[in-house]
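Structure data follow from query29.txt (compact mmCIF, C-alpha atoms):
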# COMPACT_ATOMS: atom_id res chain seq x y z
CA MET A 22 -8.10 -0.58 18.30
CA GLY A 23 -5.61 2.12 17.34
CA GLN A 24 -6.36 5.77 17.88
CA GLY A 25 -3.94 7.45 15.47
CA ASN A 26 -4.73 9.28 12.25
CA ILE A 27 -2.83 6.70 10.20
CA ARG A 28 -3.61 3.04 10.72
CA ILE A 29 -3.29 -0.31 9.01
CA GLN A 30 -5.25 -2.92 10.89
CA THR A 31 -7.18 -6.15 10.53
CA GLU A 32 -10.12 -5.08 12.68
CA ASP A 33 -13.02 -2.99 11.46
CA PHE A 34 -13.26 0.76 12.07
CA SER A 35 -16.17 2.93 13.14
CA ILE A 36 -16.97 5.55 10.52
CA GLU A 37 -18.84 7.57 13.12
CA ASP A 38 -16.03 7.46 15.70
CA GLU A 39 -13.45 8.50 13.10
CA THR A 40 -15.66 11.32 11.81
CA VAL A 41 -16.23 12.62 15.34
CA ARG A 42 -12.50 12.44 16.04
CA VAL A 43 -11.74 14.60 13.00
CA ARG A 44 -14.60 17.01 13.81
CA GLU A 45 -13.36 17.41 17.39
CA SER A 46 -9.78 18.11 16.31
CA SER A 47 -10.64 21.77 15.63
CA ARG A 48 -13.57 24.13 16.10
CA ARG A 49 -12.68 25.75 12.75
CA ILE A 50 -13.87 22.66 10.86
CA GLY A 51 -17.00 23.45 8.86
CA GLY A 52 -17.08 20.49 6.47
CA ILE A 53 -16.02 16.85 6.58
CA VAL A 54 -15.71 14.63 3.51
CA SER A 55 -15.10 10.90 3.81
CA PHE A 56 -14.34 8.12 1.36
CA LEU A 57 -15.26 4.55 2.31
CA GLY A 58 -13.95 1.72 0.14
CA THR A 59 -15.69 -1.65 0.55
CA ALA A 60 -15.16 -5.19 -0.77
CA ARG A 61 -17.37 -5.72 -3.83
CA ASP A 62 -18.51 -9.08 -5.14
CA PHE A 63 -17.77 -8.67 -8.86
CA SER A 64 -14.69 -7.60 -10.82
CA LYS A 65 -13.82 -7.90 -14.53
CA GLY A 66 -16.67 -10.30 -15.19
CA GLN A 67 -15.75 -12.56 -12.30
CA GLU A 68 -17.67 -13.24 -9.15
CA ILE A 69 -15.50 -12.69 -6.08
CA HIS A 70 -15.87 -14.81 -2.98
CA LYS A 71 -13.33 -13.14 -0.75
CA ILE A 72 -10.41 -10.71 -0.84
CA ASP A 73 -7.07 -10.93 0.95
CA PHE A 74 -5.02 -7.81 1.55
CA GLU A 75 -1.30 -7.94 2.26
CA HIS A 76 0.94 -4.98 3.11
CA TYR A 77 4.59 -4.19 3.69
CA PRO A 78 4.62 -3.44 7.43
CA GLY A 79 6.41 -0.20 8.17
CA MET A 80 6.68 1.02 4.60
CA ALA A 81 2.91 1.09 4.07
CA GLU A 82 2.35 3.12 7.24
CA LYS A 83 5.15 5.51 6.18
CA ARG A 84 3.52 6.13 2.79
CA LEU A 85 0.14 6.80 4.42
CA ALA A 86 1.76 9.25 6.85
CA GLU A 87 3.44 11.01 3.91
CA ILE A 88 0.12 11.23 2.06
CA ARG A 89 -1.49 12.79 5.14
CA GLU A 90 1.34 15.32 5.56
CA GLN A 91 1.32 16.23 1.87
CA ALA A 92 -2.46 16.71 1.88
CA LEU A 93 -2.22 18.97 4.94
CA GLN A 94 0.46 21.03 3.14
CA ASP A 95 -1.12 21.24 -0.31
CA TYR A 96 -4.81 21.70 0.51
CA ASP A 97 -6.56 24.17 2.80
CA ILE A 98 -7.66 21.49 5.22
CA ILE A 99 -7.35 20.94 8.96
CA GLU A 100 -7.23 17.20 9.67
CA VAL A 101 -6.96 13.89 7.80
CA THR A 102 -7.42 10.31 8.96
CA ILE A 103 -6.50 7.35 6.75
CA ILE A 104 -7.24 3.76 7.78
CA HIS A 105 -6.73 0.63 5.65
CA ARG A 106 -7.71 -2.89 6.66
CA VAL A 107 -5.63 -5.95 5.72
CA GLY A 108 -6.00 -9.70 6.02
CA GLU A 109 -8.87 -11.84 4.74
CA ARG A 110 -11.99 -9.76 4.06
CA SER A 111 -15.49 -10.90 3.13
CA ILE A 112 -17.68 -9.26 0.50
CA GLY A 113 -19.33 -6.08 1.78
CA GLU A 114 -16.77 -5.44 4.51
CA ASN A 115 -15.14 -2.04 5.05
CA ILE A 116 -11.66 -1.80 3.50
CA VAL A 117 -10.44 1.78 3.53
CA LEU A 118 -11.58 5.00 5.18
CA ILE A 119 -10.36 8.52 4.54
CA VAL A 120 -11.85 11.39 6.53
CA VAL A 121 -10.89 14.99 5.76
CA GLY A 122 -11.94 18.02 7.81
CA ALA A 123 -11.68 21.56 6.45
CA GLU A 124 -13.17 24.99 6.94
CA HIS A 125 -14.93 24.69 3.58
CA ARG A 126 -16.27 21.68 1.66
CA GLN A 127 -14.45 22.16 -1.67
CA ASP A 128 -11.02 21.82 -0.09
CA ALA A 129 -12.18 18.72 1.79
CA PHE A 130 -13.59 17.11 -1.40
CA ARG A 131 -10.41 17.79 -3.39
CA ALA A 132 -8.07 16.57 -0.64
CA CYS A 133 -10.09 13.40 -0.02
CA SER A 134 -10.05 12.53 -3.73
CA TRP A 135 -6.30 13.16 -3.95
CA CYS A 136 -5.61 11.02 -0.84
CA ILE A 137 -7.36 7.90 -2.17
CA ASP A 138 -5.71 8.25 -5.60
CA GLU A 139 -2.31 8.65 -3.98
CA LEU A 140 -2.93 5.74 -1.60
CA LYS A 141 -3.60 3.48 -4.59
CA ARG A 142 -0.54 4.80 -6.42
CA ILE A 143 2.23 4.65 -3.81
CA THR A 144 1.21 2.47 -0.86
CA PRO A 145 2.61 -1.08 -0.78
CA ILE A 146 -0.66 -2.92 -0.28
CA TRP A 147 -1.66 -5.90 -2.43
CA LYS A 148 -5.00 -7.56 -3.10
CA LYS A 149 -5.76 -11.19 -3.92
CA GLU A 150 -9.27 -11.98 -5.11
CA THR A 151 -10.67 -15.49 -4.80
CA THR A 152 -13.00 -16.30 -7.71
CA PRO A 153 -14.69 -19.55 -8.84
CA LYS A 154 -11.77 -19.97 -11.31
CA GLY A 155 -9.04 -19.54 -8.73
CA VAL A 156 -7.10 -16.72 -7.17
CA VAL A 157 -6.09 -13.51 -8.93
CA TRP A 158 -3.53 -10.99 -7.72
CA VAL A 159 -4.96 -7.64 -8.75
CA GLU A 160 -2.60 -5.39 -10.69
CA GLU A 161 -4.76 -2.50 -11.78
CA HIS A 162 -6.27 0.23 -9.68
CA PRO A 163 -9.02 2.07 -11.55
CA MET Y 20 24.51 -9.69 4.66
CA VAL Y 21 21.36 -8.25 3.12
CA ASN Y 22 17.78 -9.26 3.68
CA LEU Y 23 15.54 -9.72 0.63
CA LYS Y 24 11.77 -9.51 0.96
CA PHE Y 25 9.14 -10.75 -1.52
CA PHE Y 26 5.49 -9.79 -1.40
CA ALA Y 27 2.13 -10.85 -2.80
CA VAL Y 28 2.34 -12.68 -6.15
CA LEU Y 29 6.16 -12.79 -6.00
CA LYS Y 30 6.08 -14.45 -2.59
CA HIS Y 31 3.62 -16.97 -3.99
CA LEU Y 32 5.68 -17.70 -7.14
CA ILE Y 33 9.06 -17.84 -5.41
CA GLY Y 34 7.70 -19.80 -2.47
CA LYS Y 35 9.28 -17.70 0.26
CA SER Y 36 8.89 -14.26 1.73
CA GLU Y 37 12.49 -13.64 2.84
CA LEU Y 38 16.01 -14.57 1.91
CA SER Y 39 19.35 -13.54 3.42
CA LEU Y 40 22.40 -13.19 1.18
CA ASP Y 41 26.03 -12.22 1.52
CA VAL Y 42 26.79 -9.36 -0.88
CA GLU Y 43 30.12 -7.64 -1.36
CA LYS Y 44 30.18 -4.00 -0.37
CA GLY Y 45 29.82 -1.72 -3.38
CA THR Y 46 27.74 -4.20 -5.38
CA SER Y 47 25.02 -2.39 -7.29
CA LEU Y 48 21.43 -3.43 -7.18
CA GLU Y 49 21.66 -4.13 -10.92
CA GLU Y 50 24.52 -6.59 -10.32
CA LEU Y 51 22.60 -8.32 -7.54
CA LEU Y 52 19.55 -8.64 -9.82
CA GLU Y 53 21.64 -10.32 -12.53
CA LYS Y 54 22.61 -13.03 -10.02
CA LEU Y 55 19.15 -13.34 -8.49
CA VAL Y 56 17.16 -13.83 -11.69
CA LYS Y 57 19.19 -16.95 -12.52
CA ASP Y 58 17.93 -18.62 -9.35
CA LEU Y 59 14.51 -17.00 -9.25
CA PRO Y 60 12.84 -17.06 -12.70
CA PRO Y 61 9.56 -15.45 -11.52
CA LEU Y 62 11.59 -12.42 -10.55
CA LYS Y 63 13.12 -12.22 -14.02
CA GLU Y 64 9.72 -12.15 -15.68
CA GLY Y 65 8.38 -9.44 -13.40
CA LEU Y 66 11.49 -7.31 -13.75
CA GLN Y 67 11.55 -7.63 -17.53
CA GLU Y 68 7.97 -6.46 -17.74
CA GLY Y 69 8.89 -3.44 -15.63
CA LYS Y 70 6.15 -4.24 -13.18
CA ILE Y 71 8.27 -4.65 -10.08
CA LEU Y 72 9.57 -1.75 -8.00
CA ILE Y 73 12.52 -2.24 -5.70
CA SER Y 74 12.87 -0.58 -2.33
CA VAL Y 75 15.87 -0.41 -0.02
CA ASN Y 76 15.13 0.19 3.64
CA GLN Y 77 11.54 1.01 2.66
CA GLU Y 78 12.34 3.71 0.08
CA VAL Y 79 11.99 3.03 -3.66
CA VAL Y 80 15.42 3.19 -5.36
CA GLU Y 81 16.98 3.08 -8.83
CA ARG Y 82 18.95 0.03 -9.96
CA SER Y 83 22.21 1.98 -9.79
CA TYR Y 84 21.91 1.97 -5.98
CA LEU Y 85 25.05 0.63 -4.26
CA ILE Y 86 24.22 -1.95 -1.65
CA ASN Y 87 25.30 -1.60 1.98
CA ASP Y 88 25.61 -4.30 4.61
CA GLY Y 89 22.33 -4.76 6.46
CA ASP Y 90 20.13 -3.32 3.71
CA GLU Y 91 16.55 -4.53 3.52
CA ILE Y 92 15.80 -4.98 -0.18
CA ALA Y 93 12.17 -5.55 -1.12
CA PHE Y 94 10.62 -6.54 -4.46
CA LEU Y 95 7.25 -4.87 -4.85
CA PRO Y 96 4.66 -6.06 -7.39
CA PRO Y 97 2.07 -3.51 -8.61
CA PHE Y 98 0.14 -2.02 -5.69
CA ALA Y 99 -3.57 -2.63 -5.36
CA GLY Y 100 -4.71 -1.02 -2.13
CA GLY Y 101 -7.90 0.92 -1.64
What do you get writing this file as structure tokens?
Amino acid sequence: MGQGNIRIQTEDFSIEDETVRVRESSRRIGGIVSFLGTARDFSKGQEIHKIDFEHYPGMAEKRLAEIREQALQDYDIIEVTIIHRVGERSIGENIVLIVVGAEHRQDAFRACSWCIDELKRITPIWKKETTPKGVVWVEEHP
Amino acid sequence: MVNLKFFAVLKHLIGKSELSLDVEKGTSLEELLEKLVKDLPPLKEGLQEGKILISVNQEVVERSYLINDGDEIAFLPPFAGG
């Protein structure tokens, strides 16, 4: 399993390990905020059986690295980790994890929220949901 | 020679993920698109609806971009990560 702050991988991640890694990056950290996105079983009135994630290798990692750098520049935070899983995922599985460490909680909350919004906006990752009526490529990101 | 890449729903509709093409130096992306949509109708639909972004060498570009030999041109349907 990768050890970097930016990762796209098929395997699961450990929320605890990633949180500890951010916490141990600096003794100035006084608050850590994380966002965990998981695979839900219902979307737009349709039951979902499984979800497949596809990404553009290279470009997706670049965008995540840019999001991390921009967050470190724009918010008063100390460390950011962003991990996204791809491939075929079952309902309930972990999909995305963002962990932000800062001296104070408000900066960590704001940066974490911005990172997930930006990830959805600019990162070339696609999602195909398998429903009882067939497959749907998701185009919206609420 | 340029390498074209198709992802997600486009890959599914077109039936392939990559295509290599000879393109004259100085051809604009817009000119290449005019040729491509004739052979690849799913691309035409997506482009007309303004849903598809185009990247060259992994950076999103405008259609006025002038193509260079060896460029990696990717057609990107709406993102849905997270």
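Minimum atom-to-atom distances from A:Ser55, A:Thr31, A:Thr152, A:Tyr96 to Ile137 in chain A were compared using only C-alpha atoms, and the lowest value belongs to A:Ser55.
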Please provide the set of residues having any atom within 6 Å of range 93-98 of chain Y, restricted to all atoms listed in the file, with same-chain residues fewer than 6 positions apart removed, written as a PDB file with C-alpha atoms, in the coordinates of the input.
ATOM      1  CA  PRO A 145       2.610  -1.080  -0.780  1.00  0.00           C
ATOM      2  CA  ILE A 146      -0.660  -2.920  -0.280  1.00  0.00           C
ATOM      3  CA  TRP A 147      -1.660  -5.900  -2.430  1.00  0.00           C
ATOM      4  CA  GLU A 160      -2.600  -5.390 -10.690  1.00  0.00           C
TER       5      GLU A 160
ATOM      6  CA  LEU Y  23      15.540  -9.720   0.630  1.00  0.00           C
ATOM      7  CA  LYS Y  24      11.770  -9.510   0.960  1.00  0.00           C
ATOM      8  CA  PHE Y  25       9.140 -10.750  -1.520  1.00  0.00           C
ATOM      9  CA  ILE Y  71       8.270  -4.650 -10.080  1.00  0.00           C
ATOM     10  CA  LEU Y  72       9.570  -1.750  -8.000  1.00  0.00           C
ATOM     11  CA  ILE Y  73      12.520  -2.240  -5.700  1.00  0.00           C
ATOM     12  CA  SER Y  74      12.870  -0.580  -2.330  1.00  0.00           C
TER      13      SER Y  74
END
For chain Y, list the residues within 7 Å of chain A, counting all atoms listed in the file, and write the list as a JSON list (two decimals) with C-alpha atoms, in the coordinates of the input.
[["chain", "number", "residue", "atom", "x", "y", "z"],
["Y", 27, "ALA", "CA", 2.13, -10.85, -2.80],
["Y", 28, "VAL", "CA", 2.34, -12.68, -6.15],
["Y", 77, "GLN", "CA", 11.54, 1.01, 2.66],
["Y", 97, "PRO", "CA", 2.07, -3.51, -8.61],
["Y", 98, "PHE", "CA", 0.14, -2.02, -5.69],
["Y", 99, "ALA", "CA", -3.57, -2.63, -5.36],
["Y", 100, "GLY", "CA", -4.71, -1.02, -2.13],
["Y", 101, "GLY", "CA", -7.90, 0.92, -1.64]]
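Going from CA of Glu32 in chain A to CA of Trp135 in chain A covers 25.0 Å.
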**Q.** Contacts of Cys136 in chain A within 8 Å, only C-alpha atoms, excl. fewer than 3 positions in-chain, as a list in words
**A.** Ile88, Arg89, Ala92, Ile119, Ala132, Cys133, Glu139 and Leu140 of chain A
Complete the atom set of range 76-99 of chain Y to N, CA, C and O atoms and return it as an mmCIF file, in the coordinates of the input.
data_model
loop_
_atom_site.group_PDB
_atom_site.id
_atom_site.type_symbol
_atom_site.label_atom_id
_atom_site.label_comp_id
_atom_site.auth_asym_id
_atom_site.auth_seq_id
_atom_site.Cartn_x
_atom_site.Cartn_y
_atom_site.Cartn_z
ATOM 1 N N ASN Y 76 15.479 -0.396 2.347
ATOM 2 C CA ASN Y 76 15.130 0.190 3.640
ATOM 3 C C ASN Y 76 13.846 1.026 3.524
ATOM 4 O O ASN Y 76 13.756 2.147 4.043
ATOM 5 N N GLN Y 77 12.904 0.482 2.784
ATOM 6 C CA GLN Y 77 11.540 1.010 2.660
ATOM 7 C C GLN Y 77 11.415 2.291 1.833
ATOM 8 O O GLN Y 77 10.423 2.989 1.933
ATOM 9 N N GLU Y 78 12.448 2.597 1.028
ATOM 10 C CA GLU Y 78 12.340 3.710 0.080
ATOM 11 C C GLU Y 78 12.614 3.143 -1.319
ATOM 12 O O GLU Y 78 13.586 2.401 -1.508
ATOM 13 N N VAL Y 79 11.792 3.520 -2.303
ATOM 14 C CA VAL Y 79 11.990 3.030 -3.660
ATOM 15 C C VAL Y 79 13.288 3.615 -4.224
ATOM 16 O O VAL Y 79 13.560 4.809 -4.064
ATOM 17 N N VAL Y 80 14.111 2.757 -4.854
ATOM 18 C CA VAL Y 80 15.420 3.190 -5.360
ATOM 19 C C VAL Y 80 15.589 2.810 -6.839
ATOM 20 O O VAL Y 80 14.849 1.987 -7.369
ATOM 21 N N GLU Y 81 16.594 3.434 -7.455
ATOM 22 C CA GLU Y 81 16.980 3.080 -8.830
ATOM 23 C C GLU Y 81 17.918 1.877 -8.772
ATOM 24 O O GLU Y 81 18.513 1.584 -7.733
ATOM 25 N N ARG Y 82 18.112 1.246 -9.938
ATOM 26 C CA ARG Y 82 18.950 0.030 -9.960
ATOM 27 C C ARG Y 82 20.446 0.339 -9.863
ATOM 28 O O ARG Y 82 21.259 -0.560 -9.686
ATOM 29 N N SER Y 83 20.790 1.604 -9.950
ATOM 30 C CA SER Y 83 22.210 1.980 -9.790
ATOM 31 C C SER Y 83 22.600 2.056 -8.313
ATOM 32 O O SER Y 83 23.770 2.244 -7.981
ATOM 33 N N TYR Y 84 21.658 1.888 -7.429
ATOM 34 C CA TYR Y 84 21.910 1.970 -5.980
ATOM 35 C C TYR Y 84 23.029 1.008 -5.566
ATOM 36 O O TYR Y 84 23.051 -0.151 -5.988
ATOM 37 N N LEU Y 85 23.970 1.492 -4.750
ATOM 38 C CA LEU Y 85 25.050 0.630 -4.260
ATOM 39 C C LEU Y 85 24.660 0.052 -2.897
ATOM 40 O O LEU Y 85 24.332 0.794 -1.963
ATOM 41 N N ILE Y 86 24.740 -1.254 -2.820
ATOM 42 C CA ILE Y 86 24.220 -1.950 -1.650
ATOM 43 C C ILE Y 86 25.154 -1.830 -0.444
ATOM 44 O O ILE Y 86 26.377 -1.911 -0.577
ATOM 45 N N ASN Y 87 24.563 -1.638 0.718
ATOM 46 C CA ASN Y 87 25.300 -1.600 1.980
ATOM 47 C C ASN Y 87 24.932 -2.806 2.839
ATOM 48 O O ASN Y 87 23.816 -3.346 2.729
ATOM 49 N N ASP Y 88 25.868 -3.176 3.708
ATOM 50 C CA ASP Y 88 25.610 -4.300 4.610
ATOM 51 C C ASP Y 88 24.386 -3.980 5.465
ATOM 52 O O ASP Y 88 24.236 -2.855 5.953
ATOM 53 N N GLY Y 89 23.518 -4.946 5.613
ATOM 54 C CA GLY Y 89 22.330 -4.760 6.460
ATOM 55 C C GLY Y 89 21.130 -4.187 5.732
ATOM 56 O O GLY Y 89 20.067 -4.033 6.343
ATOM 57 N N ASP Y 90 21.270 -3.873 4.444
ATOM 58 C CA ASP Y 90 20.130 -3.320 3.710
ATOM 59 C C ASP Y 90 18.964 -4.304 3.659
ATOM 60 O O ASP Y 90 19.168 -5.515 3.529
ATOM 61 N N GLU Y 91 17.767 -3.737 3.717
ATOM 62 C CA GLU Y 91 16.550 -4.530 3.520
ATOM 63 C C GLU Y 91 16.034 -4.216 2.118
ATOM 64 O O GLU Y 91 15.606 -3.104 1.849
ATOM 65 N N ILE Y 92 16.145 -5.199 1.233
ATOM 66 C CA ILE Y 92 15.800 -4.980 -0.180
ATOM 67 C C ILE Y 92 14.492 -5.702 -0.468
ATOM 68 O O ILE Y 92 14.397 -6.915 -0.272
ATOM 69 N N ALA Y 93 13.489 -4.935 -0.904
ATOM 70 C CA ALA Y 93 12.170 -5.550 -1.120
ATOM 71 C C ALA Y 93 11.760 -5.435 -2.588
ATOM 72 O O ALA Y 93 12.019 -4.419 -3.240
ATOM 73 N N PHE Y 94 11.113 -6.483 -3.066
ATOM 74 C CA PHE Y 94 10.620 -6.540 -4.460
ATOM 75 C C PHE Y 94 9.110 -6.367 -4.406
ATOM 76 O O PHE Y 94 8.410 -7.178 -3.781
ATOM 77 N N LEU Y 95 8.632 -5.298 -5.045
ATOM 78 C CA LEU Y 95 7.250 -4.870 -4.850
ATOM 79 C C LEU Y 95 6.444 -4.996 -6.143
ATOM 80 O O LEU Y 95 6.623 -4.202 -7.065
ATOM 81 N N PRO Y 96 5.550 -5.968 -6.216
ATOM 82 C CA PRO Y 96 4.660 -6.060 -7.390
ATOM 83 C C PRO Y 96 3.719 -4.842 -7.412
ATOM 84 O O PRO Y 96 3.675 -4.075 -6.445
ATOM 85 N N PRO Y 97 2.963 -4.672 -8.514
ATOM 86 C CA PRO Y 97 2.070 -3.510 -8.610
ATOM 87 C C PRO Y 97 1.121 -3.421 -7.403
ATOM 88 O O PRO Y 97 0.549 -4.427 -6.983
ATOM 89 N N PHE Y 98 0.978 -2.210 -6.888
ATOM 90 C CA PHE Y 98 0.140 -2.020 -5.690
ATOM 91 C C PHE Y 98 -1.336 -2.089 -6.058
ATOM 92 O O PHE Y 98 -1.733 -1.738 -7.170
ATOM 93 N N ALA Y 99 -2.131 -2.499 -5.093
ATOM 94 C CA ALA Y 99 -3.570 -2.630 -5.360
ATOM 95 C C ALA Y 99 -4.396 -2.350 -4.105
ATOM 96 O O ALA Y 99 -5.401 -2.994 -3.846
#
